[in-house]
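Trainee: Got a structure for you, upload14.txt, holding compact mmCIF, C-alpha atoms.
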```txt
# COMPACT_ATOMS: atom_id res chain seq x y z
CA MET A 263 -2.12 -85.99 79.37
CA HIS A 264 -3.20 -83.18 77.07
CA LYS A 265 -1.40 -79.93 77.63
CA SER A 266 -3.18 -76.78 76.54
CA ARG A 267 -1.17 -73.97 75.02
CA THR A 268 -2.07 -70.34 74.77
CA CYS A 269 -1.50 -68.79 71.39
CA ILE A 270 -2.70 -65.68 69.67
CA HIS A 271 -3.69 -65.92 66.04
CA ILE A 272 -5.49 -63.71 63.60
CA PHE A 273 -8.68 -65.15 62.14
CA TYR A 274 -10.38 -63.09 59.42
CA GLY A 275 -9.15 -59.85 60.92
CA VAL A 276 -10.35 -60.67 64.45
CA ILE A 277 -7.72 -61.36 67.09
CA ALA A 278 -8.73 -64.42 69.08
CA LEU A 279 -7.05 -65.92 72.13
CA SER A 280 -7.36 -69.68 72.05
CA VAL A 281 -6.67 -71.59 75.25
CA ASN A 282 -7.40 -75.08 73.94
CA LYS A 283 -8.89 -76.63 70.82
CA LYS A 284 -12.51 -76.48 71.99
CA THR A 285 -12.30 -72.86 73.10
CA GLY A 286 -10.42 -71.98 69.93
CA GLU A 287 -13.20 -73.42 67.75
CA THR A 288 -15.81 -71.44 69.67
CA LEU A 289 -13.82 -68.25 69.19
CA LYS A 290 -13.43 -68.98 65.48
CA LYS A 291 -17.19 -69.32 65.12
CA ALA A 292 -17.80 -66.10 67.01
CA GLY A 293 -15.04 -64.39 65.01
CA THR A 294 -16.74 -65.28 61.74
CA TYR A 295 -20.03 -63.80 62.88
CA ALA A 296 -18.30 -60.73 64.30
CA PHE A 297 -16.32 -60.13 61.12
CA SER A 298 -19.34 -60.54 58.85
CA THR A 299 -21.42 -58.27 61.09
CA VAL A 300 -18.75 -55.57 61.04
CA CYS A 301 -18.60 -55.79 57.23
CA GLY A 302 -22.38 -55.47 57.01
CA ALA A 303 -22.52 -52.60 59.49
CA LEU A 304 -19.82 -50.68 57.61
CA ALA A 305 -21.63 -51.19 54.31
CA ALA A 306 -24.93 -50.05 55.84
CA ALA A 307 -23.29 -46.96 57.35
CA LEU A 308 -21.61 -46.01 54.08
CA LEU A 309 -24.81 -46.48 52.12
CA ALA A 310 -26.79 -44.46 54.69
CA ALA A 311 -24.23 -41.66 54.42
CA ALA A 312 -24.51 -41.74 50.63
CA PHE A 313 -28.31 -41.62 50.84
CA SER A 314 -28.07 -38.70 53.27
CA SER A 315 -25.82 -36.81 50.87
CA VAL A 316 -28.19 -37.43 47.97
CA MET A 317 -31.13 -36.26 50.08
CA TYR A 318 -29.26 -33.06 50.96
CA ILE A 319 -28.11 -32.34 47.41
CA LEU A 320 -31.53 -32.99 45.86
CA GLY A 321 -33.44 -31.32 48.68
CA LEU A 322 -35.65 -34.33 49.33
CA PRO A 323 -38.11 -34.19 52.24
CA PRO A 324 -37.14 -35.85 55.54
CA GLU A 325 -40.03 -38.32 55.26
CA ILE A 326 -38.02 -40.31 52.73
CA ALA A 327 -35.21 -40.94 55.22
CA GLU A 328 -36.92 -43.94 56.89
CA PRO A 329 -37.30 -46.03 53.69
CA LEU A 330 -33.76 -45.17 52.62
CA ALA A 331 -32.44 -46.21 56.04
CA LEU A 332 -34.29 -49.52 55.71
CA ILE A 333 -32.75 -50.06 52.26
CA ALA A 334 -29.27 -49.34 53.65
CA PHE A 335 -29.91 -51.74 56.56
CA ALA A 336 -31.12 -54.46 54.16
CA ALA A 337 -28.01 -54.03 52.01
CA GLY A 338 -25.79 -54.30 55.09
CA CYS A 339 -27.58 -57.47 56.20
CA LEU A 340 -27.25 -58.92 52.71
CA LEU A 341 -23.50 -58.29 52.74
CA SER A 342 -23.20 -59.67 56.27
CA GLY A 343 -24.93 -62.89 55.25
CA LEU A 344 -22.88 -63.12 52.06
CA VAL A 345 -19.56 -62.78 53.91
CA CYS A 346 -20.63 -65.32 56.52
CA GLY A 347 -21.79 -67.76 53.83
CA LEU A 348 -18.54 -67.40 51.90
CA ILE A 349 -16.42 -67.98 55.00
CA LYS A 350 -18.39 -70.87 56.49
CA GLY A 351 -19.37 -72.61 53.26
CA ARG A 352 -22.38 -74.41 54.77
CA GLY A 353 -25.52 -73.79 56.83
CA GLY A 354 -26.72 -70.80 54.83
CA LEU A 355 -30.12 -70.26 56.45
CA LYS A 356 -28.87 -70.79 60.01
CA ASN A 357 -25.88 -68.50 59.55
CA GLY A 358 -28.02 -65.89 57.80
CA LEU A 359 -30.48 -65.93 60.69
CA ILE A 360 -27.69 -65.50 63.25
CA CYS A 361 -26.19 -62.59 61.28
CA ALA A 362 -29.63 -60.98 60.99
CA LEU A 363 -30.24 -61.26 64.72
CA ILE A 364 -26.84 -59.76 65.52
CA MET A 365 -27.35 -56.87 63.07
CA THR A 366 -30.86 -56.19 64.38
CA ALA A 367 -29.65 -56.24 67.98
CA ALA A 368 -26.84 -53.84 67.08
CA VAL A 369 -29.19 -51.40 65.35
CA ALA A 370 -31.72 -51.60 68.20
CA SER A 371 -28.94 -50.96 70.73
CA VAL A 372 -27.65 -47.93 68.87
CA SER A 373 -31.21 -46.60 68.50
CA LEU A 374 -31.87 -47.15 72.19
CA ILE A 375 -28.66 -45.35 73.19
CA ALA A 376 -29.39 -42.47 70.82
CA GLY A 377 -32.91 -42.16 72.22
CA GLY A 378 -34.74 -42.74 68.94
CA PHE A 379 -36.07 -46.24 69.63
CA ASP A 380 -39.84 -46.45 69.80
CA GLY A 381 -40.25 -50.09 68.74
CA SER A 382 -42.78 -49.44 65.98
CA ALA A 383 -40.38 -50.23 63.13
CA ALA A 384 -38.67 -53.16 64.89
CA PRO A 385 -40.79 -55.94 63.32
CA SER A 386 -40.28 -54.63 59.77
CA LYS A 387 -36.54 -54.24 60.37
CA LEU A 388 -36.31 -57.78 61.78
CA VAL A 389 -38.18 -59.31 58.82
CA THR A 390 -36.08 -57.29 56.37
CA ALA A 391 -32.87 -58.33 58.13
CA VAL A 392 -33.78 -62.01 58.22
CA LEU A 393 -34.82 -62.14 54.56
CA SER A 394 -31.85 -60.22 53.18
CA SER A 395 -29.26 -61.88 55.41
CA CYS A 396 -30.55 -65.38 54.64
CA ILE A 397 -30.55 -64.61 50.91
CA GLY A 398 -26.97 -63.36 51.13
CA SER A 399 -25.80 -66.33 53.19
CA VAL A 400 -27.43 -68.93 50.93
CA TYR A 401 -25.93 -67.21 47.91
CA GLY A 402 -22.52 -67.15 49.58
CA VAL A 403 -22.70 -70.86 50.39
CA ASN A 404 -23.80 -71.80 46.88
CA ARG A 405 -21.23 -69.51 45.24
CA LYS A 406 -18.27 -71.66 46.26
```
Let me see the file written as structure tokens.
Mentor:
Amino acid sequence: MHKSRTCIHIFYGVIALSVNKKTGETLKKAGTYAFSTVCGALAAALLAAAFSSVMYILGLPPEIAEPLALIAFAAGCLLSGLVCGLIKGRGGLKNGLICALIMTAAVASVSLIAGGFDGSAAPSKLVTAVLSSCIGSVYGVNRK
């Protein structure tokens, strides 16, 4: 008879509670996606803050904010896919697509909560996220 043990371990900076082997593997997969998404989101936020500072210092018009935000989002998705590809080591396109969907859902949720979501830029953000995240993930897989 197989006895399941409860143990807490740290996996790529995410604390996961594994009850048995099958549940533990599921949590490891989710932990990888969560960790890579957090890395991508932090990179996108830092780049957006840097772009905002440059806009303020140079006195650029506010119309340029949307393309710069899309560039920051694409860079975050690229990093998210790269981290996921480096950790997993296989399945670059699939993992890149999953990271892109998570990042897009996170950005859409934040926009919806903030009240600035109108849905007009959602298709361009989704295509940008999928392309950049898949490129990053495939590169991360092939880099090993």
Trainee: What's around Gly351 of chain A at 12 Å? Count only C-alpha atoms, leave out sequence neighbours fewer than 3 positions away in its own chain, and write the answer as a list in words.
Mentor: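 Non-adjacent residues within range: Thr294, Gly343, Leu344, Val345, Cys346, Gly347, Leu348, Gly354, Leu355, Lys356, Asn357, Gly358, Ser399, Val400, Tyr401, Gly402, Val403, Asn404, Arg405 and Lys406 of chain A.
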Trainee: Deliver the residues from the most recent selection as a file, using C-alpha atoms, as an mmCIF file, in the frame of the given file.
Mentor:
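So part_14.cif came out as:
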```cif
data_model
loop_
_atom_site.group_PDB
_atom_site.id
_atom_site.type_symbol
_atom_site.label_atom_id
_atom_site.label_comp_id
_atom_site.auth_asym_id
_atom_site.auth_seq_id
_atom_site.Cartn_x
_atom_site.Cartn_y
_atom_site.Cartn_z
ATOM 1 C CA THR A 294 -16.740 -65.280 61.740
ATOM 2 C CA GLY A 343 -24.930 -62.890 55.250
ATOM 3 C CA LEU A 344 -22.880 -63.120 52.060
ATOM 4 C CA VAL A 345 -19.560 -62.780 53.910
ATOM 5 C CA CYS A 346 -20.630 -65.320 56.520
ATOM 6 C CA GLY A 347 -21.790 -67.760 53.830
ATOM 7 C CA LEU A 348 -18.540 -67.400 51.900
ATOM 8 C CA GLY A 354 -26.720 -70.800 54.830
ATOM 9 C CA LEU A 355 -30.120 -70.260 56.450
ATOM 10 C CA LYS A 356 -28.870 -70.790 60.010
ATOM 11 C CA ASN A 357 -25.880 -68.500 59.550
ATOM 12 C CA GLY A 358 -28.020 -65.890 57.800
ATOM 13 C CA SER A 399 -25.800 -66.330 53.190
ATOM 14 C CA VAL A 400 -27.430 -68.930 50.930
ATOM 15 C CA TYR A 401 -25.930 -67.210 47.910
ATOM 16 C CA GLY A 402 -22.520 -67.150 49.580
ATOM 17 C CA VAL A 403 -22.700 -70.860 50.390
ATOM 18 C CA ASN A 404 -23.800 -71.800 46.880
ATOM 19 C CA ARG A 405 -21.230 -69.510 45.240
ATOM 20 C CA LYS A 406 -18.270 -71.660 46.260
#
```
Trainee: State, in Å with one decimal place, the distance from atom CA of Thr299 of chain A to atom CA of Asp380 of chain A.
Mentor: 23.6 Å
Trainee: Distance atom CA of Val389 of chain A-atom CA of Val372 of chain A, one decimal place?
Mentor: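 Distance reported for this atom pair: 18.5 Å.
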Trainee: Between atom CA of Cys361 of chain A and atom CA of Ala306 of chain A, what distance in Å does the model show, to one decimal?
Mentor: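 Atom-to-atom, atom CA of Cys361 of chain A and atom CA of Ala306 of chain A are spaced 13.7 Å apart.
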Trainee: Do you know which residues are at most 12 Å from Lys387 of chain A counting all atoms listed in the file, after dropping those on the same chain fewer than 5 positions away, and could you put them as a list in words?
Mentor: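 Listed by chain and then number, they are Glu328, Pro329, Ala331, Leu332, Ile333, Ala334, Phe335, Ala336, Ala337, Gly338, Cys339, Ala362, Leu363, Met365, Thr366, Ala367, Ala368, Val369, Ala370, Gly381, Ser382, Val392, Leu393, Ser394 and Ser395 of chain A.
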